[in-house]
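One file, target_3.json, carrying JSON, C-alpha atoms:
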[["chain", "number", "residue", "atom", "x", "y", "z"],
["A", 1, "MET", "CA", 40.98, 110.90, 120.01],
["A", 2, "TYR", "CA", 42.63, 110.04, 123.31],
["A", 3, "GLY", "CA", 39.45, 110.97, 125.17],
["A", 4, "TRP", "CA", 37.50, 108.59, 122.96],
["A", 5, "LEU", "CA", 40.06, 105.84, 123.60],
["A", 6, "TRP", "CA", 39.93, 106.45, 127.35],
["A", 7, "ARG", "CA", 36.14, 106.21, 127.40],
["A", 8, "ASN", "CA", 36.06, 103.06, 125.30],
["A", 9, "ILE", "CA", 38.71, 101.06, 127.11],
["A", 10, "PRO", "CA", 37.03, 98.76, 129.62],
["A", 11, "GLY", "CA", 38.03, 98.46, 133.27],
["A", 12, "GLY", "CA", 38.86, 100.81, 136.12],
["A", 13, "THR", "CA", 41.32, 103.70, 136.04],
["A", 14, "GLY", "CA", 44.31, 101.45, 136.73],
["A", 15, "VAL", "CA", 43.44, 98.97, 134.00],
["A", 16, "LYS", "CA", 42.71, 101.80, 131.55],
["A", 17, "LEU", "CA", 46.08, 103.36, 132.30],
["A", 18, "VAL", "CA", 47.96, 100.09, 131.77],
["A", 19, "THR", "CA", 46.07, 99.41, 128.53],
["A", 20, "MET", "CA", 46.90, 102.90, 127.23],
["A", 21, "LEU", "CA", 50.59, 102.42, 128.06],
["A", 22, "VAL", "CA", 50.66, 99.03, 126.33],
["A", 23, "LEU", "CA", 49.00, 100.52, 123.26],
["A", 24, "ALA", "CA", 51.52, 103.37, 123.18],
["A", 25, "GLY", "CA", 54.38, 100.89, 123.55],
["A", 26, "ALA", "CA", 53.01, 98.75, 120.73],
["A", 27, "ALA", "CA", 52.77, 101.82, 118.48],
["A", 28, "GLY", "CA", 56.38, 102.68, 119.35],
["A", 29, "VAL", "CA", 57.62, 99.17, 118.54],
["A", 30, "LEU", "CA", 55.71, 99.18, 115.26],
["A", 31, "LEU", "CA", 57.32, 102.49, 114.29],
["A", 32, "TRP", "CA", 60.85, 101.59, 115.47],
["A", 33, "TYR", "CA", 61.13, 98.15, 113.90],
["A", 34, "PHE", "CA", 58.91, 98.36, 110.83],
["A", 35, "VAL", "CA", 58.03, 101.89, 109.76],
["A", 36, "PHE", "CA", 61.35, 103.68, 110.45],
["A", 37, "PRO", "CA", 63.63, 101.11, 108.77],
["A", 38, "SER", "CA", 61.58, 101.38, 105.57],
["A", 39, "LEU", "CA", 61.51, 105.18, 105.79],
["A", 40, "GLU", "CA", 65.20, 105.70, 106.52],
["A", 41, "PRO", "CA", 66.66, 104.99, 103.04],
["A", 42, "HIS", "CA", 64.62, 107.89, 101.65],
["A", 43, "MET", "CA", 65.96, 110.47, 104.10],
["A", 44, "PRO", "CA", 68.47, 112.93, 102.66],
["A", 45, "VAL", "CA", 70.82, 112.69, 105.65],
["A", 46, "ASP", "CA", 74.28, 111.23, 105.85],
["A", 47, "ARG", "CA", 75.22, 110.53, 102.23],
["A", 48, "ALA", "CA", 78.86, 109.56, 102.43],
["A", 49, "THR", "CA", 79.96, 108.82, 98.87],
["A", 50, "VAL", "CA", 81.00, 111.19, 96.10],
["A", 51, "GLY", "CA", 79.65, 111.15, 92.56],
["A", 52, "ARG", "CA", 76.50, 109.50, 91.20],
["B", 1, "MET", "CA", 33.78, 121.92, 116.12],
["B", 2, "ARG", "CA", 35.52, 121.87, 119.44],
["B", 3, "SER", "CA", 36.13, 118.11, 119.34],
["B", 4, "LEU", "CA", 37.38, 118.43, 115.77],
["B", 5, "LEU", "CA", 39.95, 120.99, 116.87],
["B", 6, "ARG", "CA", 40.96, 118.86, 119.81],
["B", 7, "THR", "CA", 41.44, 115.78, 117.62],
["B", 8, "CYS", "CA", 43.51, 117.86, 115.21],
["B", 9, "GLY", "CA", 45.72, 119.07, 118.06],
["B", 10, "GLU", "CA", 46.13, 115.58, 119.43],
["B", 11, "LEU", "CA", 47.13, 114.29, 116.00],
["B", 12, "CYS", "CA", 49.72, 117.05, 115.64],
["B", 13, "VAL", "CA", 51.27, 116.34, 119.04],
["B", 14, "THR", "CA", 51.31, 112.60, 118.30],
["B", 15, "GLY", "CA", 52.94, 113.24, 114.93],
["B", 16, "GLY", "CA", 55.57, 115.43, 116.58],
["B", 17, "LEU", "CA", 56.39, 112.72, 119.11],
["B", 18, "ALA", "CA", 56.66, 110.17, 116.29],
["B", 19, "MET", "CA", 59.11, 112.47, 114.46],
["B", 20, "LEU", "CA", 61.21, 112.86, 117.60],
["B", 21, "LEU", "CA", 61.25, 109.09, 117.91],
["B", 22, "PHE", "CA", 62.36, 108.86, 114.26],
["B", 23, "CYS", "CA", 65.29, 111.19, 114.98],
["B", 24, "ALA", "CA", 66.26, 109.00, 117.92],
["B", 25, "TYR", "CA", 66.03, 105.98, 115.61],
["B", 26, "LEU", "CA", 68.32, 107.59, 113.03],
["B", 27, "LEU", "CA", 70.93, 108.52, 115.62],
["B", 28, "TRP", "CA", 70.91, 105.44, 117.85],
["B", 29, "GLY", "CA", 68.58, 102.78, 116.47],
["B", 30, "THR", "CA", 70.49, 102.39, 113.21],
["B", 31, "GLY", "CA", 73.72, 101.77, 115.14],
["B", 32, "SER", "CA", 72.61, 98.45, 116.58],
["B", 33, "TYR", "CA", 72.26, 97.00, 113.07],
["B", 34, "THR", "CA", 75.78, 98.17, 112.20],
["B", 35, "GLU", "CA", 77.22, 96.73, 115.40],
["B", 36, "ALA", "CA", 75.73, 93.31, 114.69],
["B", 37, "GLN", "CA", 77.04, 93.42, 111.11],
["B", 38, "GLN", "CA", 80.48, 94.59, 112.28],
["B", 39, "SER", "CA", 80.93, 91.60, 114.55],
["B", 40, "LEU", "CA", 80.02, 89.34, 111.61],
["B", 41, "LEU", "CA", 82.55, 91.09, 109.36],
["B", 42, "LYS", "CA", 85.28, 90.95, 112.01],
["B", 43, "ARG", "CA", 84.70, 87.24, 112.47],
["B", 44, "GLN", "CA", 84.95, 86.87, 108.67],
["B", 45, "LEU", "CA", 88.35, 88.60, 108.80],
["B", 46, "ARG", "CA", 89.65, 86.42, 111.64],
["B", 47, "GLN", "CA", 88.56, 83.23, 109.92],
["B", 48, "ALA", "CA", 89.98, 84.15, 106.53],
["B", 49, "GLY", "CA", 93.40, 84.89, 108.03],
["B", 50, "THR", "CA", 95.99, 85.44, 105.35],
["B", 51, "ALA", "CA", 94.60, 82.73, 103.12],
["B", 52, "ALA", "CA", 92.29, 84.78, 100.96],
["B", 53, "LYS", "CA", 93.96, 86.74, 98.21],
["B", 54, "LEU", "CA", 92.96, 90.35, 97.78],
["B", 55, "ASP", "CA", 92.20, 89.97, 94.09],
["B", 56, "ARG", "CA", 89.44, 87.51, 94.90],
["B", 57, "ILE", "CA", 87.53, 89.98, 97.06],
["B", 58, "ARG", "CA", 83.80, 89.87, 96.51],
["B", 59, "LEU", "CA", 81.33, 92.71, 97.05],
["B", 60, "GLY", "CA", 80.09, 92.82, 100.61],
["B", 61, "GLN", "CA", 83.08, 90.92, 101.94],
["B", 62, "ALA", "CA", 85.27, 92.24, 104.76],
["B", 63, "ILE", "CA", 88.68, 93.31, 103.48],
["B", 64, "ALA", "CA", 90.53, 94.98, 106.37],
["B", 65, "LEU", "CA", 90.31, 96.66, 109.74],
["B", 66, "ILE", "CA", 90.67, 100.42, 110.03],
["B", 67, "LYS", "CA", 92.14, 101.89, 113.21],
["B", 68, "ILE", "CA", 92.63, 105.57, 113.94],
["B", 69, "PRO", "CA", 94.56, 106.11, 117.20],
["B", 70, "ARG", "CA", 93.62, 109.81, 117.31],
["B", 71, "LEU", "CA", 89.94, 108.83, 117.67],
["B", 72, "GLY", "CA", 90.61, 106.50, 120.58],
["B", 73, "ARG", "CA", 92.47, 103.29, 121.36],
["B", 74, "ASP", "CA", 89.43, 101.14, 120.67],
["B", 75, "TYR", "CA", 88.52, 102.86, 117.39],
["B", 76, "GLU", "CA", 88.29, 99.89, 115.07],
["B", 77, "TYR", "CA", 85.92, 99.08, 112.22],
["B", 78, "ALA", "CA", 85.83, 96.31, 109.68],
["B", 79, "VAL", "CA", 85.96, 97.72, 106.15],
["B", 80, "LEU", "CA", 83.96, 95.91, 103.51],
["B", 81, "GLU", "CA", 84.07, 95.94, 99.72],
["B", 82, "GLY", "CA", 81.37, 98.15, 98.15],
["B", 83, "VAL", "CA", 79.74, 101.52, 98.75],
["B", 84, "THR", "CA", 76.05, 100.92, 98.06],
["B", 85, "SER", "CA", 73.75, 102.17, 100.79],
["B", 86, "GLU", "CA", 73.32, 98.57, 101.97],
["B", 87, "ASP", "CA", 77.11, 98.16, 102.21],
["B", 88, "LEU", "CA", 77.59, 101.40, 104.15],
["B", 89, "ARG", "CA", 74.93, 100.37, 106.67],
["B", 90, "ARG", "CA", 77.27, 97.55, 107.66],
["B", 91, "GLY", "CA", 80.40, 99.67, 108.03],
["B", 92, "PRO", "CA", 82.92, 101.79, 106.13],
["B", 93, "GLY", "CA", 83.07, 100.66, 102.49],
["B", 94, "HIS", "CA", 85.89, 100.48, 99.95],
["B", 95, "TYR", "CA", 85.13, 101.87, 96.49],
["B", 96, "PRO", "CA", 85.37, 98.95, 94.07],
["B", 97, "GLY", "CA", 87.87, 99.78, 91.35],
["B", 98, "THR", "CA", 90.07, 102.03, 93.47],
["B", 99, "ALA", "CA", 93.45, 100.78, 94.71],
["B", 100, "GLY", "CA", 93.62, 98.05, 97.34],
["B", 101, "PRO", "CA", 95.11, 98.66, 100.77],
["B", 102, "GLY", "CA", 98.80, 99.62, 100.54],
["B", 103, "LYS", "CA", 98.77, 99.49, 96.73],
["B", 104, "ILE", "CA", 99.94, 102.30, 94.44],
["B", 105, "GLY", "CA", 96.95, 104.54, 93.76],
["B", 106, "ASN", "CA", 94.07, 105.75, 95.89],
["B", 107, "PHE", "CA", 92.56, 103.46, 98.53],
["B", 108, "VAL", "CA", 89.14, 105.13, 98.95],
["B", 109, "LEU", "CA", 86.80, 104.47, 101.89],
["B", 110, "SER", "CA", 83.36, 105.93, 102.60],
["B", 111, "GLY", "CA", 81.59, 105.87, 105.93],
["B", 112, "HIS", "CA", 78.53, 107.30, 107.63],
["B", 113, "ARG", "CA", 78.93, 110.46, 109.69],
["B", 114, "THR", "CA", 75.85, 110.44, 111.92],
["B", 115, "THR", "CA", 73.79, 107.27, 111.38],
["B", 116, "TYR", "CA", 74.61, 103.55, 111.40],
["B", 117, "ALA", "CA", 77.18, 103.70, 114.24],
["B", 118, "ALA", "CA", 78.71, 106.77, 112.55],
["B", 119, "PRO", "CA", 82.19, 105.33, 111.93],
["B", 120, "PHE", "CA", 83.47, 108.55, 110.33],
["B", 121, "ASN", "CA", 81.76, 110.94, 112.76],
["B", 122, "ARG", "CA", 84.96, 112.46, 114.09],
["B", 123, "ILE", "CA", 87.30, 112.34, 111.12],
["B", 124, "ASP", "CA", 87.15, 116.14, 111.05],
["B", 125, "GLU", "CA", 89.42, 116.00, 114.12],
["B", 126, "LEU", "CA", 92.26, 114.41, 112.16],
["B", 127, "ARG", "CA", 95.33, 116.59, 111.77],
["B", 128, "THR", "CA", 98.24, 116.37, 109.35],
["B", 129, "GLY", "CA", 100.53, 113.53, 110.38],
["B", 130, "ASP", "CA", 97.89, 111.51, 112.27],
["B", 131, "ALA", "CA", 98.04, 107.78, 111.64],
["B", 132, "ILE", "CA", 95.34, 105.82, 109.82],
["B", 133, "VAL", "CA", 96.15, 102.15, 110.29],
["B", 134, "ILE", "CA", 94.79, 99.56, 107.86],
["B", 135, "ASP", "CA", 95.11, 95.95, 108.98],
["B", 136, "ALA", "CA", 94.80, 94.08, 105.72],
["B", 137, "ARG", "CA", 95.18, 90.34, 105.41],
["B", 138, "GLU", "CA", 98.76, 90.35, 104.25],
["B", 139, "ALA", "CA", 100.18, 93.35, 106.09],
["B", 140, "ARG", "CA", 99.55, 96.32, 108.33],
["B", 141, "TYR", "CA", 99.69, 99.62, 106.45],
["B", 142, "THR", "CA", 100.10, 102.94, 108.20],
["B", 143, "TYR", "CA", 98.99, 106.04, 106.33],
["B", 144, "ARG", "CA", 99.67, 109.58, 107.57],
["B", 145, "VAL", "CA", 97.03, 112.27, 107.11],
["B", 146, "SER", "CA", 98.22, 114.79, 104.52],
["B", 147, "GLY", "CA", 95.20, 117.09, 104.41],
["B", 148, "THR", "CA", 91.44, 117.51, 104.60],
["B", 149, "GLU", "CA", 89.00, 119.34, 102.35],
["B", 150, "VAL", "CA", 85.28, 119.97, 101.97],
["B", 151, "VAL", "CA", 83.90, 119.43, 98.48],
["B", 152, "ALA", "CA", 80.59, 119.23, 96.61],
["B", 153, "PRO", "CA", 78.97, 115.76, 96.43],
["B", 154, "GLU", "CA", 79.73, 115.46, 92.70],
["B", 155, "ASP", "CA", 83.46, 116.24, 92.98],
["B", 156, "VAL", "CA", 84.77, 112.82, 92.00],
["B", 157, "GLU", "CA", 88.33, 114.13, 91.44],
["B", 158, "VAL", "CA", 89.05, 113.54, 95.12],
["B", 159, "ILE", "CA", 88.89, 109.78, 94.56],
["B", 160, "ALA", "CA", 91.07, 109.78, 91.42],
["B", 161, "PRO", "CA", 94.22, 107.59, 91.63],
["B", 162, "VAL", "CA", 96.11, 110.85, 92.19],
["B", 163, "PRO", "CA", 93.59, 112.90, 94.23],
["B", 164, "ASN", "CA", 92.42, 116.04, 92.43],
["B", 165, "ARG", "CA", 94.46, 115.21, 89.32],
["B", 166, "PRO", "CA", 92.17, 112.94, 87.29],
["B", 167, "GLY", "CA", 94.03, 111.11, 84.56],
["B", 168, "ALA", "CA", 97.43, 111.47, 86.22],
["B", 169, "ARG", "CA", 99.44, 108.29, 86.67],
["B", 170, "PRO", "CA", 99.81, 107.38, 90.38],
["B", 171, "LYS", "CA", 103.31, 106.91, 91.80],
["B", 172, "GLU", "CA", 102.48, 106.60, 95.48],
["B", 173, "ALA", "CA", 99.97, 104.81, 97.68],
["B", 174, "VAL", "CA", 97.43, 107.18, 99.20],
["B", 175, "ILE", "CA", 94.22, 106.81, 101.20],
["B", 176, "THR", "CA", 91.06, 108.92, 100.96],
["B", 177, "LEU", "CA", 88.19, 108.89, 103.45],
["B", 178, "THR", "CA", 84.86, 110.43, 102.43],
["B", 179, "THR", "CA", 81.83, 111.20, 104.58],
["B", 180, "CYS", "CA", 79.00, 113.71, 104.63],
["B", 181, "HIS", "CA", 79.37, 117.31, 105.70],
["B", 182, "PRO", "CA", 78.13, 119.19, 107.64],
["B", 183, "GLU", "CA", 76.88, 116.64, 110.15],
["B", 184, "TYR", "CA", 73.23, 115.57, 109.63],
["B", 185, "SER", "CA", 73.33, 116.96, 106.10],
["B", 186, "ALA", "CA", 73.98, 115.68, 102.59],
["B", 187, "ARG", "CA", 75.00, 119.05, 101.16],
["B", 188, "GLN", "CA", 78.77, 118.57, 101.01],
["B", 189, "ARG", "CA", 81.41, 115.91, 101.57],
["B", 190, "LEU", "CA", 84.27, 115.94, 104.04],
["B", 191, "ILE", "CA", 87.40, 114.42, 102.55],
["B", 192, "VAL", "CA", 90.53, 113.28, 104.41],
["B", 193, "HIS", "CA", 93.65, 112.39, 102.41],
["B", 194, "GLY", "CA", 96.65, 110.43, 103.64],
["B", 195, "VAL", "CA", 99.91, 109.01, 102.27],
["B", 196, "LEU", "CA", 101.31, 105.54, 102.96],
["B", 197, "SER", "CA", 104.20, 105.80, 105.41],
["B", 198, "GLY", "CA", 104.81, 102.26, 106.62],
["B", 199, "ARG", "CA", 104.16, 98.62, 105.89],
["B", 200, "ARG", "CA", 104.64, 95.71, 108.24],
["B", 201, "GLU", "CA", 104.20, 92.16, 107.01],
["B", 202, "ARG", "CA", 101.83, 90.07, 109.00],
["B", 203, "ARG", "CA", 103.47, 87.06, 110.66],
["B", 204, "THR", "CA", 101.51, 83.86, 110.47]]

Turn this file's structure into structure tokens for me.
Amino acid sequence: MYGWLWRNIPGGTGVKLVTMLVLAGAAGVLLWYFVFPSLEPHMPVDRATVGR
Amino acid sequence: MRSLLRTCGELCVTGGLAMLLFCAYLLWGTGSYTEAQQSLLKRQLRQAGTAAKLDRIRLGQAIALIKIPRLGRDYEYAVLEGVTSEDLRRGPGHYPGTAGPGKIGNFVLSGHRTTYAAPFNRIDELRTGDAIVIDAREARYTYRVSGTEVVAPEDVEVIAPVPNRPGARPKEAVITLTTCHPEYSARQRLIVHGVLSGRRERRT
């Protein structure tokens, strides 16, 4: 998967490296701001109230 | 075959990293939302002053500040009305229908233990006699911790007007804090009880 990405990203080693890092960062931002907030309410951690 | 195995391994490692990131999000990422909401709620409290009457409190509205000197001089959270999960993301919540601050009966607050700024993270450190200060609009109430207990999530007796005596008629003003226990779990609840020991009118 990563090997395939590396081979298919254009440019020299430096450009490839920067592109990979940007892609990883974008994936992280997507997870942190969109995926995790929608996932969190379904996690069985930290229920503070009693009853119900 | 070999590339299939490699892809599988890469996916597993990536998934593991994503899960680690999710843990970091739960512990620290959720706190930034709470902090932003807390400053909104505190501003609400400052603006309202003593004008708003307690009996006109709406769900989601800030009702008081909670301060616990044992947990640090700058321990201060705005308490809001309501205990839905959306309410508790914004800060410690007051159970609608339980007594108001300083009133006869049980003033019950719930707060997160590990996520969303974890306002009640360290309430297990409270000892008998420790002060829990509630700055309500009309007065400052000081409660003294009278005991702690660990109960099952469905044990609603702890929030009865007289804690653990459902149906009994309350004669004194008490406070109850509830949060999850053990940390990072939803298996039990940690409960801290306190009794009102002082009231100081707010000068305006």

Exercise for the section: Within 8 Å of His112 of chain B, counting only C-alpha atoms, which residues show up once you throw out same-chain ones fewer than 4 positions away? Write them as a PyMOL selection string, please. Expected result: (chain A and resi 46-48) or (chain B and resi 88-89+91-92+116-121+179-180)

Practice task
Starting from chain B, keep only residues with some atom at most 6 Å from an atom of chain A, counting only C-alpha atoms, and report them as number ranges by chain.
Solution key: B: 7, 110-112, 153-154, 156, 179-180, 184-186

Problem - Residue nearest Glu81 of chain B among B:Pro161, B:Gly31, B:Gly147, B:Pro101 (counting all atoms listed in the file) - result: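 Closest to Glu81 of chain B, using all atoms listed in the file: B:Pro101.
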
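Between atom CA of Arg202 of chain B and atom CA of Pro163 of chain B lies a distance of 28.4 Å.
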
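Counting from atom CA of Arg140 of chain B, the distance to atom CA of Gly167 of chain B is 28.5 Å.
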
Practice task
For Asp155 of chain B, list every protein, DNA or RNA residue within 12 Å, evaluated using all atoms listed in the file, and leave out those in the same chain fewer than 3 positions away; present the list as a PyMOL selection string.
Solution key: (chain A and resi 49-52) or (chain B and resi 149-152+158-160+163-166+178+188-191)

Write the residues of the preceding selection, restricted to C-alpha atoms, as a JSON list (two decimals), in the coordinates of the input.
[["chain", "number", "residue", "atom", "x", "y", "z"],
["A", 49, "THR", "CA", 79.96, 108.82, 98.87],
["A", 50, "VAL", "CA", 81.00, 111.19, 96.10],
["A", 51, "GLY", "CA", 79.65, 111.15, 92.56],
["A", 52, "ARG", "CA", 76.50, 109.50, 91.20],
["B", 149, "GLU", "CA", 89.00, 119.34, 102.35],
["B", 150, "VAL", "CA", 85.28, 119.97, 101.97],
["B", 151, "VAL", "CA", 83.90, 119.43, 98.48],
["B", 152, "ALA", "CA", 80.59, 119.23, 96.61],
["B", 158, "VAL", "CA", 89.05, 113.54, 95.12],
["B", 159, "ILE", "CA", 88.89, 109.78, 94.56],
["B", 160, "ALA", "CA", 91.07, 109.78, 91.42],
["B", 163, "PRO", "CA", 93.59, 112.90, 94.23],
["B", 164, "ASN", "CA", 92.42, 116.04, 92.43],
["B", 165, "ARG", "CA", 94.46, 115.21, 89.32],
["B", 166, "PRO", "CA", 92.17, 112.94, 87.29],
["B", 178, "THR", "CA", 84.86, 110.43, 102.43],
["B", 188, "GLN", "CA", 78.77, 118.57, 101.01],
["B", 189, "ARG", "CA", 81.41, 115.91, 101.57],
["B", 190, "LEU", "CA", 84.27, 115.94, 104.04],
["B", 191, "ILE", "CA", 87.40, 114.42, 102.55]]
